[in-house]
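Have a look at structure-v4.pdb below; it lists PDB, C-alpha atoms.
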ATOM      1  CA  MET A1242      33.331 -11.127  13.076
ATOM      2  CA  ALA A1243      32.914 -11.048   9.297
ATOM      3  CA  GLU A1244      32.649  -7.890   7.227
ATOM      4  CA  PHE A1245      29.972  -7.444   4.562
ATOM      5  CA  ARG A1246      31.750  -5.412   1.857
ATOM      6  CA  MET A1247      30.623  -3.429  -1.198
ATOM      7  CA  PRO A1248      30.839  -6.019  -3.967
ATOM      8  CA  SER A1249      31.980  -5.382  -7.514
ATOM      9  CA  LEU A1250      28.750  -5.719  -9.474
ATOM     10  CA  GLY A1251      30.304  -5.115 -12.882
ATOM     11  CA  ALA A1252      33.676  -5.205 -14.614
ATOM     12  CA  ASP A1253      33.959  -1.399 -14.659
ATOM     13  CA  MET A1254      32.322  -0.689 -11.275
ATOM     14  CA  GLU A1255      34.475   1.423  -8.971
ATOM     15  CA  ALA A1256      31.820   2.530  -6.457
ATOM     16  CA  GLY A1257      28.124   2.178  -5.689
ATOM     17  CA  THR A1258      25.479   3.957  -3.635
ATOM     18  CA  LEU A1259      23.846   2.092  -0.761
ATOM     19  CA  ILE A1260      20.118   2.635  -1.318
ATOM     20  CA  GLU A1261      18.610   0.669   1.576
ATOM     21  CA  TRP A1262      19.177  -2.043   4.141
ATOM     22  CA  LEU A1263      16.761  -4.982   4.002
ATOM     23  CA  LYS A1264      17.916  -6.485   7.316
ATOM     24  CA  LYS A1265      18.329  -4.754  10.688
ATOM     25  CA  PRO A1266      21.088  -5.147  13.285
ATOM     26  CA  GLY A1267      20.301  -8.144  15.489
ATOM     27  CA  GLU A1268      18.553 -10.077  12.697
ATOM     28  CA  LYS A1269      19.825 -13.484  11.624
ATOM     29  CA  VAL A1270      21.291 -13.657   8.118
ATOM     30  CA  ALA A1271      22.280 -16.664   6.054
ATOM     31  CA  ARG A1272      24.535 -17.067   3.054
ATOM     32  CA  GLY A1273      22.482 -16.040   0.005
ATOM     33  CA  ASP A1274      20.067 -13.727   1.899
ATOM     34  CA  VAL A1275      19.513 -10.372   0.197
ATOM     35  CA  ILE A1276      20.423  -7.781   2.835
ATOM     36  CA  ALA A1277      20.936  -4.531   0.906
ATOM     37  CA  VAL A1278      20.121  -2.674  -2.302
ATOM     38  CA  VAL A1279      22.978  -0.919  -4.106
ATOM     39  CA  GLU A1280      22.634   1.468  -7.027
ATOM     40  CA  THR A1281      25.233   1.324  -9.784
ATOM     41  CA  GLN A1282      25.480   3.006 -13.173
ATOM     42  CA  LYS A1283      23.427   0.130 -14.565
ATOM     43  CA  GLY A1284      20.614   0.126 -11.988
ATOM     44  CA  ALA A1285      19.575  -0.890  -8.487
ATOM     45  CA  ILE A1286      20.844  -4.346  -7.550
ATOM     46  CA  GLU A1287      19.933  -6.503  -4.550
ATOM     47  CA  VAL A1288      23.104  -7.690  -2.810
ATOM     48  CA  GLU A1289      23.421 -11.086  -1.109
ATOM     49  CA  CYS A1290      25.246 -11.933   2.090
ATOM     50  CA  PHE A1291      28.168 -14.395   1.908
ATOM     51  CA  ASP A1292      28.221 -15.307   5.617
ATOM     52  CA  THR A1293      25.797 -16.880   8.084
ATOM     53  CA  GLY A1294      25.274 -15.275  11.475
ATOM     54  CA  THR A1295      23.727 -12.154  13.005
ATOM     55  CA  LEU A1296      23.912  -8.663  11.491
ATOM     56  CA  ALA A1297      25.874  -6.876  14.220
ATOM     57  CA  GLU A1298      26.046  -3.282  12.963
ATOM     58  CA  TYR A1299      25.843  -1.021   9.934
ATOM     59  CA  LEU A1300      29.059   0.745   8.968
ATOM     60  CA  VAL A1301      27.503   2.777   6.108
ATOM     61  CA  GLU A1302      24.177   4.619   6.076
ATOM     62  CA  PRO A1303      21.813   4.602   3.072
ATOM     63  CA  GLY A1304      22.598   7.303   0.518
ATOM     64  CA  ALA A1305      26.371   6.991   0.896
ATOM     65  CA  ARG A1306      28.466   6.374  -2.208
ATOM     66  CA  VAL A1307      31.268   3.948  -1.346
ATOM     67  CA  PRO A1308      34.115   2.316  -3.288
ATOM     68  CA  VAL A1309      34.127  -1.398  -4.074
ATOM     69  CA  GLY A1310      35.595  -3.383  -1.169
ATOM     70  CA  THR A1311      34.516  -0.927   1.538
ATOM     71  CA  PRO A1312      33.022  -2.643   4.616
ATOM     72  CA  LEU A1313      29.275  -1.894   4.745
ATOM     73  CA  ALA A1314      28.337  -3.916   7.857
ATOM     74  CA  ARG A1315      29.673  -6.399  10.372
ATOM     75  CA  ILE A1316      28.227  -9.886  10.768
ATOM     76  CA  GLU A1317      28.742 -11.933  13.910
ATOM     77  CA  THR A1318      29.256 -15.408  12.508
ATOM     78  CA  ALA A1319      27.891 -18.565  14.126
ATOM     79  CA  GLY A1320      29.989 -19.835  17.032
ATOM     80  CA  GLU A1321      31.497 -16.442  17.841
ATOM     81  CA  ALA A1322      31.081 -15.049  21.301
ATOM     82  CA  HIS A1323      29.351 -11.683  21.263
ATOM     83  CA  GLU A1324      31.931  -8.945  21.288
ATOM     84  CA  GLU A1325      31.692  -5.200  21.399
ATOM     85  CA  PRO A1326      32.036  -3.371  18.055
ATOM     86  CA  ARG A1327      35.615  -2.512  17.237
ATOM     87  CA  PRO A1328      36.513   1.174  17.340
ATOM     88  CA  ALA A1329      36.859   2.906  14.002
ATOM     89  CA  PRO A1330      40.405   3.129  12.641
ATOM     90  CA  PRO A1331      42.157   6.420  13.420
ATOM     91  CA  LYS A1332      41.653   9.205  10.938
ATOM     92  CA  PRO A1333      44.613  10.526   8.937
ATOM     93  CA  GLU A1334      44.751  13.664  11.116
ATOM     94  CA  ALA A1335      45.510  11.457  14.145
ATOM     95  CA  ALA A1336      48.609  10.064  12.439
ATOM     96  CA  GLU A1337      49.818  13.590  11.641
ATOM     97  CA  SER A1338      49.256  14.785  15.205
ATOM     98  CA  ALA A1339      51.494  11.965  16.475
ATOM     99  CA  THR A1340      54.476  13.693  14.847
ATOM    100  CA  LYS A1341      53.572  17.147  16.247
ATOM    101  CA  PRO A1342      54.437  18.271  19.775
ATOM    102  CA  ALA A1343      51.829  17.308  22.370
ATOM    103  CA  GLN A1344      49.251  19.947  23.267
ATOM    104  CA  ALA A1345      47.136  20.222  26.376
ATOM    105  CA  PRO A1346      44.092  17.955  26.078
ATOM    106  CA  LYS A1347      40.829  19.677  25.257
ATOM    107  CA  PRO A1348      38.040  19.389  27.811
ATOM    108  CA  ALA A1349      35.530  16.676  26.938
ATOM    109  CA  ALA A1350      32.373  18.008  25.338
ATOM    110  CA  PRO A1351      29.116  16.843  26.897
ATOM    111  CA  LYS A1352      27.650  13.884  25.029
ATOM    112  CA  PRO A1353      24.464  14.772  23.165
ATOM    113  CA  GLU A1354      21.396  12.820  24.194
ATOM    114  CA  PRO A1355      20.494  10.170  21.628
ATOM    115  CA  GLU A1356      17.443  10.907  19.538
ATOM    116  CA  PRO A1357      14.493   8.666  20.342
ATOM    117  CA  GLN A1358      14.235   5.833  17.862
ATOM    118  CA  VAL A1359      10.871   5.522  16.192
ATOM    119  CA  PRO A1360      10.126   1.902  15.302
ATOM    120  CA  LEU A1361       9.466   1.319  11.632
ATOM    121  CA  PRO A1362       6.126  -0.210  10.746
ATOM    122  CA  SER A1363       6.343  -3.921  10.070
ATOM    123  CA  PRO A1364       5.613  -5.002   6.525
ATOM    124  CA  THR A1365       2.038  -6.059   5.914
ATOM    125  CA  PRO A1366       0.548  -7.589   2.781
ATOM    126  CA  GLU A1367      -0.589  -4.156   1.638
ATOM    127  CA  ARG A1368       2.794  -2.570   2.505
ATOM    128  CA  THR A1369       5.521  -4.324   0.550
ATOM    129  CA  ARG A1370       8.797  -3.037  -0.810
ATOM    130  CA  ARG A1371       8.342  -1.442  -4.207
ATOM    131  CA  ARG A1372      10.776  -1.929  -7.046
ATOM    132  CA  VAL A1373      11.612   1.368  -8.717
ATOM    133  CA  SER A1374      14.281   1.812 -11.370
ATOM    134  CA  PRO A1375      16.970   4.424 -10.689
ATOM    135  CA  ALA A1376      15.815   6.448 -13.704
ATOM    136  CA  ALA A1377      12.197   6.526 -12.457
ATOM    137  CA  ARG A1378      13.383   7.423  -8.943
ATOM    138  CA  LYS A1379      15.483  10.307 -10.308
ATOM    139  CA  ILE A1380      12.676  11.705 -12.481
ATOM    140  CA  ALA A1381      10.192  11.467  -9.597
ATOM    141  CA  ARG A1382      12.616  13.259  -7.266
ATOM    142  CA  GLU A1383      13.248  16.028  -9.835
ATOM    143  CA  ARG A1384       9.506  16.564 -10.394
ATOM    144  CA  GLY A1385       8.425  16.148  -6.779
ATOM    145  CA  ILE A1386       6.303  13.063  -7.496
ATOM    146  CA  ASP A1387       5.422  10.670  -4.663
ATOM    147  CA  LEU A1388       5.965   7.155  -6.027
ATOM    148  CA  ALA A1389       3.742   5.591  -3.343
ATOM    149  CA  GLY A1390       0.628   6.354  -5.378
ATOM    150  CA  ILE A1391       2.017   5.223  -8.751
ATOM    151  CA  GLU A1392       1.013   1.861 -10.247
ATOM    152  CA  GLY A1393       4.042   0.338 -11.982
ATOM    153  CA  SER A1394       3.973  -0.915 -15.576
ATOM    154  CA  GLY A1395       6.942  -3.263 -15.270
ATOM    155  CA  PRO A1396       7.049  -6.926 -14.276
ATOM    156  CA  GLY A1397       5.355  -7.482 -10.921
ATOM    157  CA  GLY A1398       4.135  -3.863 -10.842
ATOM    158  CA  ALA A1399       7.646  -2.375 -10.824
ATOM    159  CA  VAL A1400       7.948   1.319 -11.680
ATOM    160  CA  VAL A1401      10.289   1.527 -14.652
TER     161      VAL A1401
END

Written as structure tokens, that's how I'd like the structure from this file.
Amino acid sequence: MAEFRMPSLGADMEAGTLIEWLKKPGEKVARGDVIAVVETQKGAIEVECFDTGTLAEYLVEPGARVPVGTPLARIETAGEAHEEPRPAPPKPEAAESATKPAQAPKPAAPKPEPEPQVPLPSPTPERTRRRVSPAARKIARERGIDLAGIEGSGPGGAVV
């Protein structure tokens, strides 16, 4: 299982914000496929995959700011047998509790029912991904403007 990590997209980049995923878990990916959009201080950048296989799971949700090198997703590479996702590493509190005296275990809380998943509409010729600069996105958010109805002035109709 390969890990797709937050790349360093500039000499001074320490972290980036995951804006959106362009591939879904279960989809095939190949080396060079653009699978995510990351926002840096210099703009939104499409990020390529370095492995070939199947996108197994997301490890980071859109909107999260993560340091360079942080695993963003797991990719099941070609030839691997399907395996269950690995459990998350223990949190720092767990390491501290190992040195404390044992306490009685807490009763297990009932598991919440999963929310129904609404399928996203499939892209159609009239519904394509729009390119919007981070500055335009920020101004629109501050002023409550819906960018769906805006015709872009940049190359290819991008909103800049």

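Going from CA of Ala1252 in chain A over to CA of Ala1314 in chain A, you cover 23.1 Å.
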
May I ask which of the residues A:Asp1387, A:Glu1302, A:Glu1392, A:Asp1292 is the closest one to Lys1269 in chain A, counting only C-alpha atoms?
A:Asp1292

Carefully work through the PyMOL selection byres ((chain A and resi 1259) around 7) for this structure and note down the residues it includes, as number ranges by chain.
A: 1257-1258, 1260-1261, 1278-1280, 1303-1306

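Between CA of Pro1248 in chain A and CA of Ala1381 in chain A the separation is 27.6 Å.
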
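Taking all atoms listed in the file into account, Glu1244 in chain A lies nearest to A:Gly1294 out of the set A:Gly1393, A:Gly1284, A:Gly1294, A:Pro1375.
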
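Picked out by the PyMOL selection byres ((chain A and resi 1378) around 12) when it runs on this file: Ile1260, Glu1280, Gly1284, Ala1285, Arg1371, Arg1372, Val1373, Ser1374, Pro1375, Ala1376, Ala1377, Lys1379, Ile1380, Ala1381, Arg1382, Glu1383, Arg1384, Gly1385, Ile1386, Asp1387, Leu1388, Ala1389, Ile1391, Ala1399, Val1400 and Val1401 of chain A.
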
Pairwise distance, CA of Val1275 in chain A with CA of Ala1243 in chain A, equals 16.2 Å

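The shortest atom-to-atom distance to Val1288 in chain A, with all atoms listed in the file taken into account, belongs to A:Gly1273 out of A:Gly1267, A:Met1242, A:Gly1273, A:Pro1308.
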
Which residue is closest to Thr1311 in chain A? Choose from A:Ala1277, A:Leu1296, A:Ala1256, A:Met1247 and count all atoms listed in the file.
A:Met1247

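Each of A:Gly1390, A:Ile1276, A:Glu1255, A:Glu1289 was compared to Val1307 in chain A using only C-alpha atoms, and A:Glu1255 turns out to be the nearest.
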